[in-house]
file input.cif (mmCIF, C-alpha atoms)
data_structure
loop_
_atom_site.group_PDB
_atom_site.id
_atom_site.type_symbol
_atom_site.label_atom_id
_atom_site.label_comp_id
_atom_site.auth_asym_id
_atom_site.auth_seq_id
_atom_site.Cartn_x
_atom_site.Cartn_y
_atom_site.Cartn_z
ATOM 1 C CA MET A 1 214.124 3.729 83.540
ATOM 2 C CA THR A 2 216.865 6.196 84.525
ATOM 3 C CA THR A 3 218.115 8.514 81.781
ATOM 4 C CA THR A 4 221.732 7.888 80.834
ATOM 5 C CA ALA A 5 224.069 9.290 78.191
ATOM 6 C CA GLY A 6 225.852 7.149 75.624
ATOM 7 C CA VAL A 7 228.916 8.177 73.601
ATOM 8 C CA ASP A 8 230.440 6.435 70.588
ATOM 9 C CA ILE A 9 233.940 7.599 69.614
ATOM 10 C CA GLY A 10 234.989 6.675 66.090
ATOM 11 C CA GLY A 11 237.787 7.448 63.697
ATOM 12 C CA THR A 12 235.759 9.984 61.716
ATOM 13 C CA LYS A 13 232.869 10.974 63.989
ATOM 14 C CA ILE A 14 231.658 11.093 67.567
ATOM 15 C CA ALA A 15 228.020 10.400 68.435
ATOM 16 C CA ALA A 16 226.404 11.181 71.782
ATOM 17 C CA GLY A 17 222.833 10.550 72.822
ATOM 18 C CA LEU A 18 220.390 10.580 75.706
ATOM 19 C CA VAL A 19 218.738 7.228 76.352
ATOM 20 C CA ASP A 20 215.542 6.943 78.373
ATOM 21 C CA ASP A 21 213.504 3.796 78.866
ATOM 22 C CA GLY A 22 215.819 1.988 76.482
ATOM 23 C CA GLU A 23 215.258 4.435 73.601
ATOM 24 C CA VAL A 24 217.509 7.131 72.149
ATOM 25 C CA VAL A 25 215.608 10.382 72.704
ATOM 26 C CA ARG A 26 218.231 12.853 71.476
ATOM 27 C CA MET A 27 221.329 12.415 69.324
ATOM 28 C CA LEU A 28 224.275 14.628 68.393
ATOM 29 C CA ARG A 29 227.094 13.921 65.921
ATOM 30 C CA ARG A 30 230.382 15.745 65.395
ATOM 31 C CA PRO A 31 233.540 15.047 63.359
ATOM 32 C CA THR A 32 236.321 13.487 65.402
ATOM 33 C CA PRO A 33 238.860 16.301 65.924
ATOM 34 C CA ASP A 34 242.587 16.163 65.375
ATOM 35 C CA GLY A 35 244.812 16.948 68.323
ATOM 36 C CA GLY A 36 244.947 13.689 70.262
ATOM 37 C CA SER A 37 243.020 12.517 73.296
ATOM 38 C CA ALA A 38 242.649 15.941 74.918
ATOM 39 C CA ALA A 39 240.876 17.375 71.862
ATOM 40 C CA VAL A 40 238.625 14.308 71.564
ATOM 41 C CA LEU A 41 237.645 14.395 75.238
ATOM 42 C CA ASP A 42 237.000 18.147 75.015
ATOM 43 C CA THR A 43 234.591 17.486 72.133
ATOM 44 C CA VAL A 44 232.873 14.680 74.057
ATOM 45 C CA ALA A 45 232.431 16.930 77.095
ATOM 46 C CA THR A 46 230.993 19.729 74.948
ATOM 47 C CA MET A 47 228.523 17.347 73.318
ATOM 48 C CA LEU A 48 227.409 15.980 76.691
ATOM 49 C CA ARG A 49 226.731 19.516 77.909
ATOM 50 C CA GLU A 50 224.777 20.228 74.711
ATOM 51 C CA LEU A 51 222.581 17.192 75.346
ATOM 52 C CA ALA A 52 221.276 19.168 78.299
ATOM 53 C CA GLY A 53 220.497 16.092 80.436
ATOM 54 C CA PRO A 54 219.953 15.524 83.230
ATOM 55 C CA PHE A 55 221.592 12.106 83.052
ATOM 56 C CA SER A 56 222.563 9.868 85.927
ATOM 57 C CA ALA A 57 225.491 8.059 84.308
ATOM 58 C CA ILE A 58 227.623 8.173 81.161
ATOM 59 C CA GLY A 59 228.644 5.243 78.998
ATOM 60 C CA VAL A 60 231.450 5.539 76.464
ATOM 61 C CA GLY A 61 232.335 3.198 73.607
ATOM 62 C CA SER A 62 236.013 3.786 72.857
ATOM 63 C CA PRO A 63 238.445 2.495 70.242
ATOM 64 C CA GLY A 64 241.174 0.279 71.625
ATOM 65 C CA ILE A 65 241.592 -1.841 74.715
ATOM 66 C CA VAL A 66 240.121 -0.272 77.852
ATOM 67 C CA ARG A 67 241.004 -1.087 81.436
ATOM 68 C CA ASP A 68 239.553 0.696 84.488
ATOM 69 C CA GLY A 69 238.234 3.530 82.360
ATOM 70 C CA THR A 70 241.554 4.251 80.627
ATOM 71 C CA VAL A 71 242.550 3.367 77.053
ATOM 72 C CA VAL A 72 245.616 1.162 77.564
ATOM 73 C CA SER A 73 246.194 0.319 73.897
ATOM 74 C CA ALA A 74 244.943 1.748 70.608
ATOM 75 C CA THR A 75 245.934 2.025 66.962
ATOM 76 C CA ASP A 76 246.043 5.293 65.025
ATOM 77 C CA VAL A 77 242.418 5.016 63.887
ATOM 78 C CA VAL A 78 242.113 7.874 66.410
ATOM 79 C CA PRO A 79 245.636 9.358 66.504
ATOM 80 C CA GLY A 80 247.015 9.906 69.987
ATOM 81 C CA TRP A 81 244.166 8.019 71.669
ATOM 82 C CA ALA A 82 246.249 5.481 73.616
ATOM 83 C CA GLY A 83 246.427 6.470 77.275
ATOM 84 C CA ALA A 84 243.240 8.569 77.210
ATOM 85 C CA PRO A 85 241.875 8.883 80.807
ATOM 86 C CA VAL A 86 238.237 8.745 79.706
ATOM 87 C CA ARG A 87 236.563 7.877 83.013
ATOM 88 C CA GLU A 88 238.727 10.227 85.070
ATOM 89 C CA ARG A 89 238.068 13.184 82.792
ATOM 90 C CA LEU A 90 234.298 12.720 82.399
ATOM 91 C CA SER A 91 233.482 11.648 85.956
ATOM 92 C CA GLY A 92 235.458 14.611 87.280
ATOM 93 C CA GLU A 93 233.637 17.043 85.028
ATOM 94 C CA PHE A 94 230.077 15.696 85.335
ATOM 95 C CA GLY A 95 230.087 14.047 88.772
ATOM 96 C CA VAL A 96 228.264 10.880 87.685
ATOM 97 C CA PRO A 97 229.379 7.251 87.242
ATOM 98 C CA VAL A 98 231.137 6.627 83.923
ATOM 99 C CA ALA A 99 231.349 3.212 82.246
ATOM 100 C CA VAL A 100 233.961 2.854 79.491
ATOM 101 C CA ASP A 101 234.382 -0.140 77.204
ATOM 102 C CA ASN A 102 235.582 -0.885 73.723
ATOM 103 C CA ASP A 103 233.325 0.699 71.075
ATOM 104 C CA VAL A 104 232.517 -2.579 69.358
ATOM 105 C CA ARG A 105 231.610 -4.143 72.702
ATOM 106 C CA ALA A 106 229.207 -1.266 73.287
ATOM 107 C CA MET A 107 227.641 -1.948 69.882
ATOM 108 C CA ALA A 108 227.512 -5.667 70.629
ATOM 109 C CA TYR A 109 225.886 -5.128 74.016
ATOM 110 C CA GLY A 110 223.203 -2.854 72.603
ATOM 111 C CA GLU A 111 222.502 -5.217 69.715
ATOM 112 C CA SER A 112 222.445 -8.264 71.983
ATOM 113 C CA CYS A 113 220.059 -6.687 74.451
ATOM 114 C CA ARG A 114 217.657 -5.627 71.716
ATOM 115 C CA THR A 115 217.701 -8.643 69.405
ATOM 116 C CA GLU A 116 214.541 -10.675 69.712
ATOM 117 C CA GLY A 117 215.141 -14.371 69.427
ATOM 118 C CA LYS A 118 218.924 -13.981 69.632
ATOM 119 C CA PRO A 119 220.649 -17.354 69.548
ATOM 120 C CA ASP A 120 221.896 -18.821 72.786
ATOM 121 C CA GLY A 121 225.589 -19.502 72.942
ATOM 122 C CA LEU A 122 228.487 -17.450 71.630
ATOM 123 C CA VAL A 123 227.899 -14.597 69.166
ATOM 124 C CA LEU A 124 230.603 -12.616 67.358
ATOM 125 C CA TYR A 125 229.698 -9.018 66.586
ATOM 126 C CA VAL A 126 231.777 -7.368 63.852
ATOM 127 C CA SER A 127 231.900 -3.636 63.221
ATOM 128 C CA VAL A 128 233.138 -2.492 59.810
ATOM 129 C CA GLY A 129 233.849 1.231 59.860
ATOM 130 C CA THR A 130 236.922 3.452 59.712
ATOM 131 C CA GLY A 131 238.585 0.463 61.346
ATOM 132 C CA LEU A 132 237.521 -3.120 61.934
ATOM 133 C CA GLY A 133 236.536 -4.523 65.320
ATOM 134 C CA GLY A 134 234.955 -7.534 66.938
ATOM 135 C CA ALA A 135 233.338 -8.448 70.240
ATOM 136 C CA LEU A 136 232.019 -11.661 71.767
ATOM 137 C CA VAL A 137 228.798 -12.065 73.734
ATOM 138 C CA ARG A 138 227.909 -15.325 75.475
ATOM 139 C CA HIS A 139 224.272 -15.673 76.596
ATOM 140 C CA GLY A 140 223.937 -11.871 76.737
ATOM 141 C CA VAL A 141 227.162 -11.359 78.715
ATOM 142 C CA LEU A 142 230.137 -9.516 77.221
ATOM 143 C CA VAL A 143 233.317 -11.583 77.020
ATOM 144 C CA HIS A 144 236.463 -9.529 77.697
ATOM 145 C CA GLY A 145 239.223 -12.063 78.318
ATOM 146 C CA ASN A 146 242.113 -11.631 80.728
ATOM 147 C CA HIS A 147 243.805 -9.064 78.487
ATOM 148 C CA GLY A 148 240.708 -7.242 77.244
ATOM 149 C CA SER A 149 241.077 -8.367 73.635
ATOM 150 C CA ALA A 150 238.514 -11.172 73.300
ATOM 151 C CA GLY A 151 236.846 -10.979 69.894
ATOM 152 C CA GLU A 152 239.390 -8.625 68.321
ATOM 153 C CA ILE A 153 239.634 -9.588 64.648
ATOM 154 C CA ALA A 154 241.324 -6.576 63.024
ATOM 155 C CA HIS A 155 244.774 -8.145 63.184
ATOM 156 C CA LEU A 156 243.899 -11.579 61.844
ATOM 157 C CA LEU A 157 246.390 -12.436 59.124
ATOM 158 C CA THR A 158 245.173 -12.721 55.537
ATOM 159 C CA PRO A 159 246.933 -14.169 52.474
ATOM 160 C CA GLU A 160 246.166 -11.009 50.479
ATOM 161 C CA ARG A 161 247.787 -7.604 50.736
ATOM 162 C CA GLY A 162 245.215 -4.981 51.641
ATOM 163 C CA ALA A 163 244.705 -1.754 49.741
ATOM 164 C CA ARG A 164 245.337 0.400 52.805
ATOM 165 C CA PRO A 165 247.345 -0.331 55.960
ATOM 166 C CA CYS A 166 245.720 -1.592 59.136
ATOM 167 C CA GLY A 167 245.692 0.920 61.986
ATOM 168 C CA CYS A 168 248.850 -0.779 63.249
ATOM 169 C CA GLY A 169 250.602 -0.217 59.914
ATOM 170 C CA ARG A 170 250.556 -3.716 58.414
ATOM 171 C CA TYR A 171 249.031 -4.621 55.057
ATOM 172 C CA ASP A 172 248.450 -8.326 55.754
ATOM 173 C CA HIS A 173 245.897 -7.798 58.532
ATOM 174 C CA LEU A 174 242.158 -8.182 57.966
ATOM 175 C CA GLU A 175 241.495 -4.486 58.632
ATOM 176 C CA ALA A 176 243.733 -3.595 55.683
ATOM 177 C CA SER A 177 241.308 -5.327 53.294
ATOM 178 C CA VAL A 178 237.882 -4.931 54.875
ATOM 179 C CA ALA A 179 237.613 -1.609 56.765
ATOM 180 C CA GLY A 180 235.723 1.166 54.953
ATOM 181 C CA PRO A 181 238.812 3.135 53.835
ATOM 182 C CA ALA A 182 240.400 -0.094 52.535
ATOM 183 C CA VAL A 183 237.325 -0.898 50.419
ATOM 184 C CA ALA A 184 237.354 2.654 49.054
ATOM 185 C CA ALA A 185 241.085 2.409 48.269
ATOM 186 C CA ALA A 186 240.582 -0.915 46.488
ATOM 187 C CA TYR A 187 237.845 0.602 44.349
ATOM 188 C CA SER A 188 239.983 3.659 43.571
ATOM 189 C CA ALA A 189 242.826 1.426 42.375
ATOM 190 C CA ARG A 190 240.416 -0.514 40.172
ATOM 191 C CA ALA A 191 238.842 2.670 38.783
ATOM 192 C CA GLY A 192 242.135 4.239 37.681
ATOM 193 C CA GLY A 193 242.916 6.200 40.832
ATOM 194 C CA GLU A 194 239.681 8.165 41.094
ATOM 195 C CA PRO A 195 238.949 8.818 44.804
ATOM 196 C CA VAL A 196 235.339 7.830 45.494
ATOM 197 C CA PRO A 197 233.629 7.914 48.921
ATOM 198 C CA LEU A 198 232.174 4.680 50.231
ATOM 199 C CA PRO A 199 228.487 5.744 50.004
ATOM 200 C CA GLU A 200 228.995 6.458 46.292
ATOM 201 C CA ILE A 201 230.648 3.061 45.814
ATOM 202 C CA ALA A 202 227.621 1.471 47.488
ATOM 203 C CA ARG A 203 225.292 3.443 45.207
ATOM 204 C CA ARG A 204 227.219 2.330 42.120
ATOM 205 C CA MET A 205 227.114 -1.263 43.343
ATOM 206 C CA ARG A 206 223.332 -1.101 43.724
ATOM 207 C CA ALA A 207 223.124 0.398 40.222
ATOM 208 C CA GLY A 208 224.925 -2.650 38.858
ATOM 209 C CA GLU A 209 228.388 -1.239 38.165
ATOM 210 C CA PRO A 210 230.719 -4.280 37.827
ATOM 211 C CA ASP A 211 233.797 -2.701 39.481
ATOM 212 C CA ALA A 212 231.856 -1.605 42.556
ATOM 213 C CA ALA A 213 230.122 -4.975 42.847
ATOM 214 C CA ALA A 214 233.430 -6.827 42.504
ATOM 215 C CA VAL A 215 235.204 -4.770 45.160
ATOM 216 C CA VAL A 216 232.367 -5.094 47.692
ATOM 217 C CA ALA A 217 231.979 -8.826 47.093
ATOM 218 C CA GLY A 218 235.753 -9.277 47.288
ATOM 219 C CA ALA A 219 235.938 -7.557 50.673
ATOM 220 C CA GLY A 220 233.044 -9.676 51.915
ATOM 221 C CA ARG A 221 234.752 -12.880 50.776
ATOM 222 C CA ILE A 222 238.019 -11.953 52.508
ATOM 223 C CA LEU A 223 236.106 -11.241 55.708
ATOM 224 C CA GLY A 224 234.159 -14.504 55.504
ATOM 225 C CA ARG A 225 237.260 -16.595 54.845
ATOM 226 C CA ALA A 226 239.120 -15.074 57.800
ATOM 227 C CA LEU A 227 236.121 -15.435 60.090
ATOM 228 C CA SER A 228 235.665 -19.084 59.114
ATOM 229 C CA GLY A 229 238.879 -19.918 60.954
ATOM 230 C CA PHE A 230 237.899 -17.770 63.926
ATOM 231 C CA VAL A 231 234.418 -19.283 64.106
ATOM 232 C CA THR A 232 235.887 -22.785 63.943
ATOM 233 C CA ALA A 233 238.593 -22.145 66.548
ATOM 234 C CA VAL A 234 236.384 -20.355 69.075
ATOM 235 C CA ASP A 235 233.185 -22.334 68.268
ATOM 236 C CA VAL A 236 231.047 -19.277 67.525
ATOM 237 C CA ASP A 237 227.316 -19.880 66.992
ATOM 238 C CA ALA A 238 226.452 -16.736 64.992
ATOM 239 C CA VAL A 239 228.064 -13.674 63.412
ATOM 240 C CA VAL A 240 226.423 -10.232 63.320
ATOM 241 C CA LEU A 241 227.849 -7.591 60.946
ATOM 242 C CA GLY A 242 227.406 -3.902 61.727
ATOM 243 C CA GLY A 243 229.259 -0.605 61.697
ATOM 244 C CA GLY A 244 228.736 2.340 59.364
ATOM 245 C CA ALA A 245 230.613 0.836 56.420
ATOM 246 C CA GLY A 246 229.258 -2.668 56.930
ATOM 247 C CA LEU A 247 225.667 -1.487 57.059
ATOM 248 C CA GLY A 248 226.233 0.926 54.164
ATOM 249 C CA LEU A 249 227.509 -1.832 51.869
ATOM 250 C CA GLY A 250 224.372 -3.804 52.641
ATOM 251 C CA GLU A 251 223.281 -7.319 51.847
ATOM 252 C CA PRO A 252 225.708 -7.991 48.948
ATOM 253 C CA PHE A 253 228.595 -7.541 51.395
ATOM 254 C CA VAL A 254 226.906 -9.636 54.097
ATOM 255 C CA GLN A 255 225.950 -12.348 51.613
ATOM 256 C CA ALA A 256 229.492 -12.597 50.240
ATOM 257 C CA ALA A 257 230.877 -12.913 53.762
ATOM 258 C CA ALA A 258 228.264 -15.508 54.710
ATOM 259 C CA GLU A 259 228.910 -17.662 51.646
ATOM 260 C CA ALA A 260 232.695 -17.588 52.135
ATOM 261 C CA LEU A 261 232.402 -18.403 55.823
ATOM 262 C CA ARG A 262 230.030 -21.326 55.291
ATOM 263 C CA ALA A 263 232.232 -22.732 52.528
ATOM 264 C CA GLU A 264 235.252 -23.000 54.816
ATOM 265 C CA VAL A 265 233.998 -23.309 58.402
ATOM 266 C CA ARG A 266 234.551 -26.644 60.117
ATOM 267 C CA PRO A 267 232.989 -29.035 60.603
ATOM 268 C CA ALA A 268 231.497 -28.566 57.139
ATOM 269 C CA GLY A 269 227.783 -27.857 57.165
ATOM 270 C CA ARG A 270 227.637 -26.716 60.778
ATOM 271 C CA PRO A 271 225.019 -24.041 61.577
ATOM 272 C CA ALA A 272 226.604 -20.595 61.301
ATOM 273 C CA GLU A 273 224.140 -17.722 61.054
ATOM 274 C CA VAL A 274 225.554 -14.557 59.485
ATOM 275 C CA ARG A 275 223.320 -11.484 59.446
ATOM 276 C CA SER A 276 223.273 -7.689 59.546
ATOM 277 C CA ALA A 277 222.956 -5.825 62.824
ATOM 278 C CA ARG A 278 219.385 -4.682 63.371
ATOM 279 C CA LEU A 279 219.846 -1.500 65.418
ATOM 280 C CA GLY A 280 221.781 0.384 62.760
ATOM 281 C CA ALA A 281 223.867 3.435 63.595
ATOM 282 C CA ASP A 282 222.299 3.901 67.055
ATOM 283 C CA ALA A 283 223.591 0.578 68.402
ATOM 284 C CA PRO A 284 226.931 1.826 69.847
ATOM 285 C CA VAL A 285 225.326 4.809 71.607
ATOM 286 C CA LEU A 286 222.459 2.723 72.951
ATOM 287 C CA GLY A 287 224.826 -0.010 74.095
ATOM 288 C CA ALA A 288 227.119 2.475 75.843
ATOM 289 C CA ALA A 289 224.130 4.029 77.623
ATOM 290 C CA LEU A 290 222.919 0.581 78.732
ATOM 291 C CA LEU A 291 226.391 -0.172 80.074
ATOM 292 C CA ALA A 292 226.203 3.116 81.996
ATOM 293 C CA LEU A 293 222.875 2.064 83.484
ATOM 294 C CA LEU A 294 224.459 -1.217 84.480
ATOM 295 C CA ALA A 295 227.329 0.592 86.205
ATOM 296 C CA LEU A 296 224.832 2.827 88.001
ATOM 297 C CA GLU A 297 222.982 -0.221 89.295
ATOM 298 C CA GLU A 298 226.275 -2.009 90.051
ATOM 299 C CA GLY A 299 225.137 -5.035 88.089
ATOM 300 C CA THR A 300 226.975 -7.374 85.784
ATOM 301 C CA ALA A 301 227.218 -7.010 82.018
ATOM 302 C CA GLU A 302 224.128 -9.067 81.277
ATOM 303 C CA CYS A 303 220.965 -8.029 79.479
ATOM 304 C CA ALA A 304 217.921 -7.654 81.666
#

call {"tool": "encode", "arguments": {"input": "input.cif", "output": "C-alpha cells"}}
result
Amino acid sequence: MTTTAGVDIGGTKIAAGLVDDGEVVRMLRRPTPDGGSAAVLDTVATMLRELAGPFSAIGVGSPGIVRDGTVVSATDVVPGWAGAPVRERLSGEFGVPVAVDNDVRAMAYGESCRTEGKPDGLVLYVSVGTGLGGALVRHGVLVHGNHGSAGEIAHLLTPERGARPCGCGRYDHLEASVAGPAVAAAYSARAGGEPVPLPEIARRMRAGEPDAAAVVAGAGRILGRALSGFVTAVDVDAVVLGGGAGLGLGEPFVQAAAEALRAEVRPAGRPAEVRSARLGADAPVLGAALLALLALEEGTAECA
C-alpha cells in the first residue's frame, strides 16, 4: 500500500502521522498554536517535513465545515480557523494530492474501515474532545449532505445550561454540556471552584469520588438524551463514541449515554448499539491518511 500522511487538527493539539499498509508507522504531536490559520498551517507543514516521508498524498482532518479543501465555516475551538486554505497551502508546498475533510469524519472513516463486524446501515460517530462533533457513515460511505453538515451534533439544543459556552458562544447547545472543557468546568463548580484537568477527574471517578462520578454520569446522560432524538429522527442504527475526552472518561460515560439514549429513543426497545471507538487516539490520523489514499486513487469515500 502507498505511504500517505494523515493530519488531525484539534483545539489543543495537532497530530500527524505516516501510514503504510493501513498502519501508523510514525506519529508526531504538537500543541495547537495561537495566531490563527496561518500559524496552524505553518505548524502542520513543519510536522509533515519532520515526518521525513516520502508520502504520496496528505489527508487532513479539520475542525469546521470543509468545501473543496477550504474551511468555509468554523467555531472558535481553533480561533481564526474559518477560511483556512488547507489544500491550497499544503499541495503547493509538498506537491502531492491533499484530501481535506472534517476532523470527526476522518475519525469516523478510519474507525469504520477498521471495525470488524461493523453494523450495516447508518452509524453515527461522535467525538468528544475540546469541542463536540459528529459524522454519519452509511455502509462504509461518509455522508456529507448538501451543505457539508450531516451528522453535526454540537449545536443540538438541550434543556440544561452548560457549564461552558459552545464554540459558537451559546450555553444551551450540547457542546456546552458535554465537551471536555465543559465537563471540567462542571466539576470545578461542584468542587468549589478548584480547576482540575479532565484526566484527573477521570482518575478520581475511577477511585470512587462521588462528585467526579456524578459529573461524568451527568454529561453522559445529557449526551444520550440529546442523541435519542437524533437517532430517532435520522433512524441511526448504532452510535460510536470517541475523541480524547470521550475515551478518557471511559465506560462510565459511555454507559450513562447508552442508558439515557435507550430510555428515550423511539420506537421504544428498538436496537441501538452504543459503544466506544476501538482505534483510540490514532483514528483521526489513520482516517485522514486513508482519505488521502482514496484521493490518490481517485476513488469514492468507501472502505475497501

call {"tool": "resolve_selection", "arguments": {"input": "input.cif", "expression": "the PyMOL selection byres ((chain A and resi 11) around 12)", "output": "VMD selection string"}}
result
chain A and resid 8 to 10 12 to 15 30 to 34 36 40 62 to 64 74 to 81 103 128 to 132 167 179 to 181 243 to 244

call {"tool": "closest_residue", "arguments": {"input": "input.cif", "among": "A:Ala39, A:Leu198, A:Ala295, A:Ala5", "to": "A:Glu23", "atoms": "only C-alpha atoms"}}
result
A:Ala5

call {"tool": "resolve_selection", "arguments": {"input": "input.cif", "expression": "the PyMOL selection byres ((chain A and resi 285) around 12)", "output": "MDAnalysis selection string"}}
result
chainID A and resid 4:10 14:19 22:29 58:62 100:111 243 279:284 286:292

call {"tool": "write_last_selection", "arguments": {"input": "input.cif", "atoms": "C-alpha atoms", "output": "mmCIF file, in the frame of the given file"}}
result
data_model
loop_
_atom_site.group_PDB
_atom_site.id
_atom_site.type_symbol
_atom_site.label_atom_id
_atom_site.label_comp_id
_atom_site.auth_asym_id
_atom_site.auth_seq_id
_atom_site.Cartn_x
_atom_site.Cartn_y
_atom_site.Cartn_z
ATOM 1 C CA THR A 4 221.732 7.888 80.834
ATOM 2 C CA ALA A 5 224.069 9.290 78.191
ATOM 3 C CA GLY A 6 225.852 7.149 75.624
ATOM 4 C CA VAL A 7 228.916 8.177 73.601
ATOM 5 C CA ASP A 8 230.440 6.435 70.588
ATOM 6 C CA ILE A 9 233.940 7.599 69.614
ATOM 7 C CA GLY A 10 234.989 6.675 66.090
ATOM 8 C CA ILE A 14 231.658 11.093 67.567
ATOM 9 C CA ALA A 15 228.020 10.400 68.435
ATOM 10 C CA ALA A 16 226.404 11.181 71.782
ATOM 11 C CA GLY A 17 222.833 10.550 72.822
ATOM 12 C CA LEU A 18 220.390 10.580 75.706
ATOM 13 C CA VAL A 19 218.738 7.228 76.352
ATOM 14 C CA GLY A 22 215.819 1.988 76.482
ATOM 15 C CA GLU A 23 215.258 4.435 73.601
ATOM 16 C CA VAL A 24 217.509 7.131 72.149
ATOM 17 C CA VAL A 25 215.608 10.382 72.704
ATOM 18 C CA ARG A 26 218.231 12.853 71.476
ATOM 19 C CA MET A 27 221.329 12.415 69.324
ATOM 20 C CA LEU A 28 224.275 14.628 68.393
ATOM 21 C CA ARG A 29 227.094 13.921 65.921
ATOM 22 C CA ILE A 58 227.623 8.173 81.161
ATOM 23 C CA GLY A 59 228.644 5.243 78.998
ATOM 24 C CA VAL A 60 231.450 5.539 76.464
ATOM 25 C CA GLY A 61 232.335 3.198 73.607
ATOM 26 C CA SER A 62 236.013 3.786 72.857
ATOM 27 C CA VAL A 100 233.961 2.854 79.491
ATOM 28 C CA ASP A 101 234.382 -0.140 77.204
ATOM 29 C CA ASN A 102 235.582 -0.885 73.723
ATOM 30 C CA ASP A 103 233.325 0.699 71.075
ATOM 31 C CA VAL A 104 232.517 -2.579 69.358
ATOM 32 C CA ARG A 105 231.610 -4.143 72.702
ATOM 33 C CA ALA A 106 229.207 -1.266 73.287
ATOM 34 C CA MET A 107 227.641 -1.948 69.882
ATOM 35 C CA ALA A 108 227.512 -5.667 70.629
ATOM 36 C CA TYR A 109 225.886 -5.128 74.016
ATOM 37 C CA GLY A 110 223.203 -2.854 72.603
ATOM 38 C CA GLU A 111 222.502 -5.217 69.715
ATOM 39 C CA GLY A 243 229.259 -0.605 61.697
ATOM 40 C CA LEU A 279 219.846 -1.500 65.418
ATOM 41 C CA GLY A 280 221.781 0.384 62.760
ATOM 42 C CA ALA A 281 223.867 3.435 63.595
ATOM 43 C CA ASP A 282 222.299 3.901 67.055
ATOM 44 C CA ALA A 283 223.591 0.578 68.402
ATOM 45 C CA PRO A 284 226.931 1.826 69.847
ATOM 46 C CA LEU A 286 222.459 2.723 72.951
ATOM 47 C CA GLY A 287 224.826 -0.010 74.095
ATOM 48 C CA ALA A 288 227.119 2.475 75.843
ATOM 49 C CA ALA A 289 224.130 4.029 77.623
ATOM 50 C CA LEU A 290 222.919 0.581 78.732
ATOM 51 C CA LEU A 291 226.391 -0.172 80.074
ATOM 52 C CA ALA A 292 226.203 3.116 81.996
#

call {"tool": "residues_around", "arguments": {"input": "input.cif", "residues": "stretch 201-213 of chain A", "least_positions_apart": "6", "cutoff": "9 Å", "atoms": "only C-alpha atoms", "output": "VMD selection string"}}
result
chain A and resid 184 187 190 to 191 248 to 250 252

call {"tool": "atom_distance", "arguments": {"input": "input.cif", "atom1": "atom CA of A:Phe253", "atom2": "atom CA of A:Gly121"}}
result
24.8 Å

call {"tool": "residues_around", "arguments": {"input": "input.cif", "residues": "A:Val236", "least_positions_apart": "3", "cutoff": "10 Å", "atoms": "only C-alpha atoms", "output": "VMD selection string"}}
result
chain A and resid 121 to 124 136 to 138 227 to 228 230 to 233 239 271 to 273

call {"tool": "decode", "arguments": {"input": "input.cif", "residues": "stretch 51-63 of chain A", "atoms": "N, CA and C atoms", "output": "CSV table (one decimal), in the first residue's frame"}}
result
chain,number,residue,atom,x,y,z
A,51,LEU,N,8.2,14.5,9.6
A,51,LEU,CA,7.9,13.0,9.4
A,51,LEU,C,8.9,12.4,8.4
A,52,ALA,N,9.5,13.2,7.6
A,52,ALA,CA,10.5,12.7,6.7
A,52,ALA,C,10.1,11.6,5.8
A,53,GLY,N,8.9,11.7,5.2
A,53,GLY,CA,8.3,10.8,4.2
A,53,GLY,C,9.2,9.7,3.7
A,54,PRO,N,9.2,9.5,2.4
A,54,PRO,CA,8.3,10.1,1.4
A,54,PRO,C,6.8,9.7,1.6
A,55,PHE,N,5.9,10.6,1.2
A,55,PHE,CA,4.5,10.2,1.2
A,55,PHE,C,3.9,10.7,-0.1
A,56,SER,N,2.9,10.0,-0.6
A,56,SER,CA,2.4,10.3,-1.9
A,56,SER,C,1.1,11.1,-1.9
A,57,ALA,N,0.5,11.3,-0.7
A,57,ALA,CA,-0.6,12.2,-0.6
A,57,ALA,C,-0.8,12.5,0.9
A,58,ILE,N,-1.5,13.6,1.1
A,58,ILE,CA,-1.7,14.1,2.5
A,58,ILE,C,-3.2,14.1,2.8
A,59,GLY,N,-3.7,13.6,3.9
A,59,GLY,CA,-5.0,13.8,4.3
A,59,GLY,C,-5.1,14.6,5.6
A,60,VAL,N,-6.1,15.5,5.7
A,60,VAL,CA,-6.2,16.4,6.8
A,60,VAL,C,-7.6,16.3,7.4
A,61,GLY,N,-7.7,16.1,8.7
A,61,GLY,CA,-9.0,16.2,9.4
A,61,GLY,C,-9.0,17.5,10.1
A,62,SER,N,-10.0,18.4,9.7
A,62,SER,CA,-10.0,19.8,10.1
A,62,SER,C,-11.3,20.1,10.9
A,63,PRO,N,-11.2,20.9,11.9
A,63,PRO,CA,-12.5,21.4,12.5
A,63,PRO,C,-13.3,22.2,11.5
